[in-house]
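Data block for entry.cif (mmCIF, C-alpha atoms):
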data_input
#
loop_
_atom_site.label_atom_id
_atom_site.label_comp_id
_atom_site.auth_asym_id
_atom_site.auth_seq_id
_atom_site.Cartn_x
_atom_site.Cartn_y
_atom_site.Cartn_z
CA MET A 1 193.96 95.74 134.25
CA GLN A 2 192.54 92.50 132.81
CA THR A 3 191.96 91.10 136.34
CA VAL A 4 190.22 94.26 137.53
CA GLY A 5 188.05 94.31 134.44
CA ASN A 6 186.95 90.70 134.93
CA GLY A 7 186.19 91.35 138.58
CA LEU A 8 184.03 94.30 137.65
CA VAL A 9 182.07 92.19 135.17
CA VAL A 10 181.45 89.49 137.80
CA LEU A 11 180.34 92.10 140.34
CA LEU A 12 177.92 93.68 137.86
CA PHE A 13 176.54 90.22 137.01
CA PHE A 14 175.76 89.39 140.65
CA LEU A 15 174.24 92.83 141.28
CA GLY A 16 171.99 92.37 138.27
CA SER A 17 170.94 88.90 139.44
CA TYR A 18 169.97 90.19 142.90
CA LEU A 19 167.97 93.03 141.36
CA ILE A 20 166.06 90.62 139.13
CA LEU A 21 165.40 88.19 142.01
CA GLY A 22 164.25 91.01 144.28
CA SER A 23 161.89 92.35 141.63
CA TYR A 24 160.42 88.87 141.13
CA LEU A 25 159.81 88.33 144.84
CA ILE A 26 158.18 91.74 145.24
CA LEU A 27 155.95 91.17 142.21
CA GLY A 28 155.10 87.63 143.33
CA SER A 29 154.17 88.87 146.80
CA TYR A 30 152.00 91.63 145.29
CA LEU A 31 150.15 89.16 143.07
CA GLY A 32 149.80 86.59 145.88
CA LEU A 33 151.92 84.04 144.03
CA SER A 34 154.02 83.11 147.04
CA SER A 35 151.16 81.80 149.22
CA PRO A 36 149.32 78.49 148.79
CA PRO A 37 145.71 79.26 147.75
CA VAL A 38 144.15 77.27 150.58
CA GLN A 39 146.27 78.77 153.33
CA SER A 40 145.73 82.30 152.03
CA VAL A 41 142.08 82.29 153.04
CA ILE A 42 142.91 81.52 156.68
CA PRO A 43 144.34 84.40 158.71
CA PRO A 44 147.63 83.65 160.52
CA SER A 45 145.84 84.57 163.77
CA LEU A 46 143.96 81.26 163.53
CA TYR A 47 147.14 79.19 163.35
CA SER A 48 147.39 77.45 166.71
CA HIS A 49 150.57 75.43 166.40
CA THR A 50 153.69 75.25 164.28
CA SER A 51 155.51 72.34 165.89
CA ALA A 52 155.32 69.83 168.71
CA ALA A 53 156.84 72.40 171.05
CA GLY A 54 154.36 75.01 169.84
CA ILE A 55 151.45 72.72 170.59
CA LEU A 56 152.47 72.42 174.23
CA GLY A 57 153.83 75.93 174.66
CA GLU A 58 157.45 76.97 174.39
CA SER A 59 157.85 77.17 178.16
CA THR A 60 157.06 73.46 178.60
CA ALA A 61 160.16 71.84 180.02
CA GLU A 62 159.24 68.30 179.04
CA LEU A 63 157.00 67.44 176.11
CA ARG A 64 154.02 65.31 177.02
CA SER A 65 153.51 62.20 174.93
CA MET A 66 150.32 62.99 173.05
CA ALA A 67 147.69 60.27 172.80
CA VAL A 68 146.03 58.91 169.69
CA LEU A 69 142.34 58.69 170.50
CA ASP A 70 139.79 56.19 169.20
CA ILE A 71 137.61 57.61 166.43
CA LEU A 72 133.93 56.65 166.52
CA GLN A 73 132.62 55.10 163.32
CA PHE A 74 129.18 55.35 161.77
CA PRO A 75 126.59 54.11 162.65
CA ASP A 76 127.67 54.62 166.28
CA SER A 77 124.83 56.56 167.92
CA ARG A 78 127.29 58.71 169.90
CA LEU A 79 128.07 60.56 166.67
CA ARG A 80 124.54 61.97 166.88
CA LYS A 81 125.01 63.71 170.24
CA ILE A 82 124.96 67.50 170.18
CA ALA A 83 128.12 68.95 171.70
CA GLU A 84 127.99 71.40 174.59
CA PRO A 85 129.65 74.85 174.69
CA ILE A 86 133.02 75.14 176.42
CA SER A 87 133.54 77.60 179.27
CA ASP A 88 136.77 76.31 180.83
CA PHE A 89 139.88 77.10 178.76
CA GLY A 90 142.32 75.41 181.13
CA GLN A 91 144.75 72.53 180.90
CA GLU A 92 142.09 69.88 180.27
CA LEU A 93 141.01 71.60 177.07
CA GLY A 94 144.61 72.05 175.98
CA THR A 95 145.30 68.35 176.48
CA LEU A 96 142.18 67.41 174.50
CA ILE A 97 143.19 69.69 171.63
CA ASP A 98 146.74 68.31 171.56
CA ASP A 99 145.45 64.73 171.47
CA MET A 100 142.90 65.55 168.78
CA ILE A 101 145.61 67.05 166.58
CA GLU A 102 147.80 63.98 167.05
CA THR A 103 144.82 61.74 166.24
CA MET A 104 143.98 63.76 163.12
CA TYR A 105 147.55 63.48 161.84
CA GLU A 106 147.75 59.77 162.63
CA ALA A 107 144.53 59.18 160.64
CA SER A 108 145.74 61.37 157.73
CA GLY A 109 142.79 63.72 158.15
CA ILE A 110 142.47 67.46 157.64
CA GLY A 111 139.84 67.98 160.33
CA LEU A 112 138.52 66.30 163.46
CA ALA A 113 135.68 67.25 165.80
CA ALA A 114 135.60 66.36 169.49
CA THR A 115 132.35 64.45 168.92
CA GLN A 116 134.28 61.98 166.77
CA VAL A 117 136.49 61.01 169.71
CA ASN A 118 133.48 60.71 172.05
CA VAL A 119 134.04 64.06 173.78
CA HIS A 120 130.87 66.08 173.37
CA LYS A 121 132.30 69.58 173.64
CA ARG A 122 132.21 72.25 170.95
CA VAL A 123 135.75 72.18 169.62
CA PHE A 124 137.35 70.96 166.43
CA VAL A 125 140.84 70.96 164.95
CA MET A 126 141.96 71.29 161.35
CA ASP A 127 145.12 71.60 159.27
CA LEU A 128 144.95 72.30 155.54
CA SER A 129 148.66 72.92 155.08
CA GLN A 130 150.69 70.67 152.80
CA ASP A 131 153.41 70.04 155.39
CA ARG A 132 151.05 69.57 158.37
CA SER A 133 152.49 72.59 160.18
CA ALA A 134 149.44 74.84 160.67
CA ALA A 135 147.10 73.00 163.03
CA GLN A 136 144.26 75.12 164.33
CA ALA A 137 141.77 74.63 167.16
CA LEU A 138 138.43 76.43 167.07
CA VAL A 139 136.24 76.45 170.17
CA ASN A 140 132.51 77.24 170.29
CA PRO A 141 132.43 77.95 166.53
CA LEU A 142 129.53 79.81 164.92
CA ILE A 143 129.09 79.85 161.14
CA SER A 144 127.35 82.54 159.10
CA VAL A 145 126.65 81.94 155.42
CA LEU A 146 127.95 84.81 153.28
CA ASP A 147 127.01 83.47 149.86
CA GLU A 148 123.94 81.33 149.20
CA GLU A 149 125.56 80.04 146.04
CA THR A 150 126.71 76.48 146.62
CA GLU A 151 129.84 74.68 145.54
CA VAL A 152 130.04 70.93 145.05
CA ARG A 153 133.10 69.18 146.44
CA GLN A 154 133.88 65.58 147.23
CA GLU A 155 133.86 64.91 150.96
CA GLY A 156 134.99 62.03 153.12
CA CYS A 157 135.07 61.51 156.87
CA LEU A 158 137.31 59.76 159.39
CA SER A 159 134.13 58.38 161.00
CA ILE A 160 132.93 56.98 157.66
CA PRO A 161 136.14 55.49 156.26
CA GLY A 162 136.40 54.57 152.61
CA PHE A 163 133.42 56.56 151.35
CA TYR A 164 133.52 59.79 149.37
CA GLU A 165 130.55 61.68 147.98
CA ASP A 166 129.87 64.96 146.19
CA ILE A 167 128.25 67.40 148.63
CA ALA A 168 126.93 70.89 147.90
CA ARG A 169 127.64 73.54 150.55
CA PRO A 170 127.64 77.36 150.65
CA ARG A 171 130.80 78.54 148.92
CA ALA A 172 131.64 81.36 151.37
CA VAL A 173 131.14 81.51 155.13
CA ARG A 174 132.25 83.50 158.13
CA ILE A 175 133.35 81.68 161.25
CA ASP A 176 133.46 83.23 164.71
CA ALA A 177 135.03 81.21 167.50
CA LYS A 178 137.57 81.22 170.30
CA ASP A 179 141.07 79.81 170.25
CA ARG A 180 142.44 77.37 172.81
CA THR A 181 143.12 80.16 175.32
CA GLY A 182 139.71 81.83 174.98
CA ASN A 183 140.63 84.66 172.63
CA ASP A 184 138.11 85.67 169.96
CA VAL A 185 139.00 84.72 166.38
CA SER A 186 137.07 85.15 163.15
CA ALA A 187 137.63 84.61 159.45
CA THR A 188 135.92 84.73 156.09
CA LEU A 189 136.54 81.44 154.31
CA GLU A 190 136.08 80.04 150.83
CA GLY A 191 136.96 76.84 149.02
CA LEU A 192 138.31 73.87 150.97
CA ALA A 193 138.56 75.87 154.21
CA ALA A 194 134.85 76.75 154.03
CA VAL A 195 133.95 73.11 153.37
CA CYS A 196 136.11 71.89 156.25
CA VAL A 197 134.65 74.19 158.91
CA GLN A 198 131.08 73.42 157.81
CA HIS A 199 131.80 69.68 157.89
CA GLU A 200 133.29 69.87 161.40
CA VAL A 201 130.57 72.09 162.85
CA ASP A 202 128.04 69.61 161.49
CA HIS A 203 129.75 66.96 163.64
CA LEU A 204 129.30 69.13 166.72
CA ASP A 205 125.59 69.32 165.89
CA GLY A 206 125.32 65.54 165.53
CA LYS A 207 125.19 65.66 161.74
CA LEU A 208 127.22 63.71 159.17
CA PHE A 209 127.99 64.46 155.55
CA ILE A 210 125.99 61.42 154.46
CA ASP A 211 122.87 63.13 155.83
CA TYR A 212 122.98 65.22 152.63
CA LEU A 213 122.62 62.04 150.57
CA SER A 214 119.50 60.10 149.68
CA ALA A 215 118.12 57.58 152.17
CA LEU A 216 119.03 54.79 149.76
CA LYS A 217 122.70 55.84 149.62
CA ARG A 218 122.85 56.20 153.41
CA GLN A 219 121.47 52.71 153.91
CA ARG A 220 123.95 51.27 151.42
CA ILE A 221 126.87 52.91 153.22
CA ARG A 222 125.54 51.79 156.60
CA ARG A 223 125.27 48.15 155.50
CA LYS A 224 128.78 48.12 154.04
CA LEU A 225 130.32 49.67 157.18
CA GLU A 226 128.44 47.32 159.51
CA LYS A 227 129.64 44.35 157.46
CA ALA A 228 133.25 45.59 157.53
CA GLN A 229 133.07 46.21 161.28
CA LYS A 230 131.78 42.70 161.94
CA GLN A 231 134.52 41.16 159.82
CA SER A 232 137.23 43.11 161.68
CA ALA A 233 135.80 42.40 165.15
#
Take the structure from the file and write it as structure tokens.
Amino acid sequence: MQTVGNGLVVLLFFLGSYLILGSYLILGSYLGLSSPPVQSVIPPSLYSHTSAAGILGESTAELRSMAVLDILQFPDSRLRKIAEPISDFGQELGTLIDDMIETMYEASGIGLAATQVNVHKRVFVMDLSQDRSAAQALVNPLISVLDEETEVRQEGCLSIPGFYEDIARPRAVRIDAKDRTGNDVSATLEGLAAVCVQHEVDHLDGKLFIDYLSALKRQRIRRKLEKAQKQSA
């Protein structure tokens, strides 16, 4: 009888623990506690890739070795070219997107526009996840401002390495685009996600974040970058 009694106590303890854990998970899910705040503003439908195999498609028999592309640096005039819309969603675009994602990761960036790798087509990639597992590709993006109120955040750029400035941008936007296969995607974004898409679309329009700064600041940054580029040449 003592053994049975102890067993019953243990069983009741574990049942109680599972009930408490289940209640916590349900409550956490209801309150949105289980999702990172940045990722929660981006619909899962915009997630392009989850792994190397996902980037190339699960049916790919042999993974292609993705290339790390050269990133143009300011004041390179090619950064000022306006990108052209994409109409062909075939293998060439897929290869470009894969290489851009690899380049973005290699440079420790969260976004990269095709203009920055000297391909003047309207596509950019981004990944705001902590573990670099949610790369997205947005083709022919269009941005609509939903809230005229601005939010100031510090921005940097892979094409302007080493410089970070406070930039004011609309705090909420809607983006309409196509994914890598030509399907329509859209999302309402706030916070870092809103900043990222605005920054990348600016690149496609030949604009840089330093264009929001005073002429004096832009000239100072230009001189420092030109000096660094000459020293490393």
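Computed from the coordinates, the atom CA of A:Thr115 to atom CA of A:Ala83 distance equals 6.8 Å.
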Given the PyMOL selection byres ((chain A and resi 184) around 12), the residues it picks as a ChimeraX atom specification: /A:45-46,137-142,175-183,185-187
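Counting only C-alpha atoms, the residue from A:Ile110, A:Met100, A:Val125, A:Val117 that sits nearest to A:Asp76 is A:Val117.
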Point-to-point distance from atom CA of A:Lys81 to atom CA of A:Gly111, Å rounded to tenths: 18.3 Å
Residue members of the PyMOL selection byres ((chain A and resi 200) around 7) in the file shown, as a VMD selection string: chain A and resid 111 to 113 124 196 to 199 201 to 204
Would you kindly translate the PyMOL selection byres ((chain A and resi 172) around 10) into the concrete residues it picks from this file, as an mmCIF file with C-alpha atoms, keeping the file's coordinate frame?
data_model
loop_
_atom_site.group_PDB
_atom_site.id
_atom_site.type_symbol
_atom_site.label_atom_id
_atom_site.label_comp_id
_atom_site.auth_asym_id
_atom_site.auth_seq_id
_atom_site.Cartn_x
_atom_site.Cartn_y
_atom_site.Cartn_z
ATOM 1 C CA SER A 144 127.350 82.540 159.100
ATOM 2 C CA VAL A 145 126.650 81.940 155.420
ATOM 3 C CA LEU A 146 127.950 84.810 153.280
ATOM 4 C CA ASP A 147 127.010 83.470 149.860
ATOM 5 C CA GLU A 148 123.940 81.330 149.200
ATOM 6 C CA GLU A 149 125.560 80.040 146.040
ATOM 7 C CA THR A 150 126.710 76.480 146.620
ATOM 8 C CA GLU A 151 129.840 74.680 145.540
ATOM 9 C CA ARG A 169 127.640 73.540 150.550
ATOM 10 C CA PRO A 170 127.640 77.360 150.650
ATOM 11 C CA ARG A 171 130.800 78.540 148.920
ATOM 12 C CA VAL A 173 131.140 81.510 155.130
ATOM 13 C CA ARG A 174 132.250 83.500 158.130
ATOM 14 C CA THR A 188 135.920 84.730 156.090
ATOM 15 C CA LEU A 189 136.540 81.440 154.310
ATOM 16 C CA GLU A 190 136.080 80.040 150.830
ATOM 17 C CA GLY A 191 136.960 76.840 149.020
ATOM 18 C CA ALA A 193 138.560 75.870 154.210
ATOM 19 C CA ALA A 194 134.850 76.750 154.030
ATOM 20 C CA VAL A 195 133.950 73.110 153.370
#
Pairwise distance for atom CA of A:Met126 and atom CA of A:Tyr105, rounded to one decimal in Å: 9.6 Å
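Each of A:Ile101, A:Leu72, A:Leu158, A:Tyr212 was compared to A:Gln136 using all atoms listed in the file, and A:Ile101 turns out to be the nearest.
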Counting all atoms listed in the file, the residue of A:Ile221, A:Leu128, A:Ala228, A:Ile82 that sits nearest A:Ser108: A:Leu128
Proximity to A:Pro75 - best of A:Gly90, A:Gln116, A:Val152, A:Lys121, all atoms listed in the file: A:Gln116
Residue list as JSON, numbers by chain for point (141.4, 57.9, 161.8), cut-off 9 Å, all atoms listed in the file: {"A": [69, 70, 71, 72, 103, 104, 105, 106, 107, 108, 109, 157, 158, 159, 161]}
Shell around A:Arg223 at 12 Å using only C-alpha atoms, local window under 6 positions removed, as an NGL selection string: :A and (74-75 or 160 or 216-217 or 229-230)
Save the residues we just selected, C-alpha atoms, as a PDB file, keeping the file's coordinate frame?
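again.pdb written:
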ATOM      1  CA  PHE A  74     129.180  55.350 161.770  1.00  0.00           C
ATOM      2  CA  PRO A  75     126.590  54.110 162.650  1.00  0.00           C
ATOM      3  CA  ILE A 160     132.930  56.980 157.660  1.00  0.00           C
ATOM      4  CA  LEU A 216     119.030  54.790 149.760  1.00  0.00           C
ATOM      5  CA  LYS A 217     122.700  55.840 149.620  1.00  0.00           C
ATOM      6  CA  GLN A 229     133.070  46.210 161.280  1.00  0.00           C
ATOM      7  CA  LYS A 230     131.780  42.700 161.940  1.00  0.00           C
TER       8      LYS A 230
END
Missing atoms in stretch 158-175 of chain A: can you complete it with N, CA, C and O atoms, as an mmCIF file, in the coordinates of the input?
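Saved file out_30.cif follows:
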data_model
loop_
_atom_site.group_PDB
_atom_site.id
_atom_site.type_symbol
_atom_site.label_atom_id
_atom_site.label_comp_id
_atom_site.auth_asym_id
_atom_site.auth_seq_id
_atom_site.Cartn_x
_atom_site.Cartn_y
_atom_site.Cartn_z
ATOM 1 N N LEU A 158 136.576 60.767 158.617
ATOM 2 C CA LEU A 158 137.310 59.760 159.390
ATOM 3 C C LEU A 158 136.367 58.815 160.122
ATOM 4 O O LEU A 158 136.759 57.704 160.483
ATOM 5 N N SER A 159 135.119 59.231 160.341
ATOM 6 C CA SER A 159 134.130 58.380 161.000
ATOM 7 C C SER A 159 133.345 57.523 160.005
ATOM 8 O O SER A 159 132.544 56.679 160.409
ATOM 9 N N ILE A 160 133.577 57.769 158.710
ATOM 10 C CA ILE A 160 132.930 56.980 157.660
ATOM 11 C C ILE A 160 134.008 56.583 156.665
ATOM 12 O O ILE A 160 134.039 57.045 155.517
ATOM 13 N N PRO A 161 134.957 55.770 157.083
ATOM 14 C CA PRO A 161 136.140 55.490 156.260
ATOM 15 C C PRO A 161 135.828 54.786 154.948
ATOM 16 O O PRO A 161 134.987 53.895 154.886
ATOM 17 N N GLY A 162 136.508 55.245 153.900
ATOM 18 C CA GLY A 162 136.400 54.570 152.610
ATOM 19 C C GLY A 162 135.295 55.074 151.708
ATOM 20 O O GLY A 162 135.157 54.592 150.578
ATOM 21 N N PHE A 163 134.527 56.059 152.158
ATOM 22 C CA PHE A 163 133.420 56.560 151.350
ATOM 23 C C PHE A 163 133.598 58.050 151.063
ATOM 24 O O PHE A 163 133.907 58.841 151.964
ATOM 25 N N TYR A 164 133.373 58.410 149.807
ATOM 26 C CA TYR A 164 133.520 59.790 149.370
ATOM 27 C C TYR A 164 132.340 60.134 148.468
ATOM 28 O O TYR A 164 132.017 59.375 147.552
ATOM 29 N N GLU A 165 131.719 61.279 148.750
ATOM 30 C CA GLU A 165 130.550 61.680 147.980
ATOM 31 C C GLU A 165 130.601 63.170 147.669
ATOM 32 O O GLU A 165 131.192 63.953 148.426
ATOM 33 N N ASP A 166 129.971 63.557 146.559
ATOM 34 C CA ASP A 166 129.870 64.960 146.190
ATOM 35 C C ASP A 166 128.788 65.631 147.038
ATOM 36 O O ASP A 166 127.628 65.178 147.047
ATOM 37 N N ILE A 167 129.171 66.686 147.739
ATOM 38 C CA ILE A 167 128.250 67.400 148.630
ATOM 39 C C ILE A 167 128.253 68.877 148.253
ATOM 40 O O ILE A 167 129.311 69.473 148.022
ATOM 41 N N ALA A 168 127.062 69.465 148.201
ATOM 42 C CA ALA A 168 126.930 70.890 147.900
ATOM 43 C C ALA A 168 126.804 71.676 149.209
ATOM 44 O O ALA A 168 125.962 71.365 150.055
ATOM 45 N N ARG A 169 127.670 72.684 149.368
ATOM 46 C CA ARG A 169 127.640 73.540 150.550
ATOM 47 C C ARG A 169 127.809 75.000 150.113
ATOM 48 O O ARG A 169 128.337 75.269 149.025
ATOM 49 N N PRO A 170 127.388 75.946 150.957
ATOM 50 C CA PRO A 170 127.640 77.360 150.650
ATOM 51 C C PRO A 170 129.112 77.601 150.386
ATOM 52 O O PRO A 170 129.970 77.098 151.110
ATOM 53 N N ARG A 171 129.408 78.374 149.357
ATOM 54 C CA ARG A 171 130.800 78.540 148.920
ATOM 55 C C ARG A 171 131.591 79.503 149.797
ATOM 56 O O ARG A 171 132.821 79.439 149.827
ATOM 57 N N ALA A 172 130.923 80.397 150.531
ATOM 58 C CA ALA A 172 131.640 81.360 151.370
ATOM 59 C C ALA A 172 130.935 81.495 152.712
ATOM 60 O O ALA A 172 129.705 81.658 152.765
ATOM 61 N N VAL A 173 131.700 81.399 153.786
ATOM 62 C CA VAL A 173 131.140 81.510 155.130
ATOM 63 C C VAL A 173 132.041 82.357 156.014
ATOM 64 O O VAL A 173 133.218 82.567 155.705
ATOM 65 N N ARG A 174 131.472 82.835 157.087
ATOM 66 C CA ARG A 174 132.250 83.500 158.130
ATOM 67 C C ARG A 174 132.191 82.621 159.367
ATOM 68 O O ARG A 174 131.130 82.099 159.712
ATOM 69 N N ILE A 175 133.329 82.441 160.014
ATOM 70 C CA ILE A 175 133.350 81.680 161.250
ATOM 71 C C ILE A 175 133.822 82.567 162.388
ATOM 72 O O ILE A 175 134.801 83.316 162.249
#
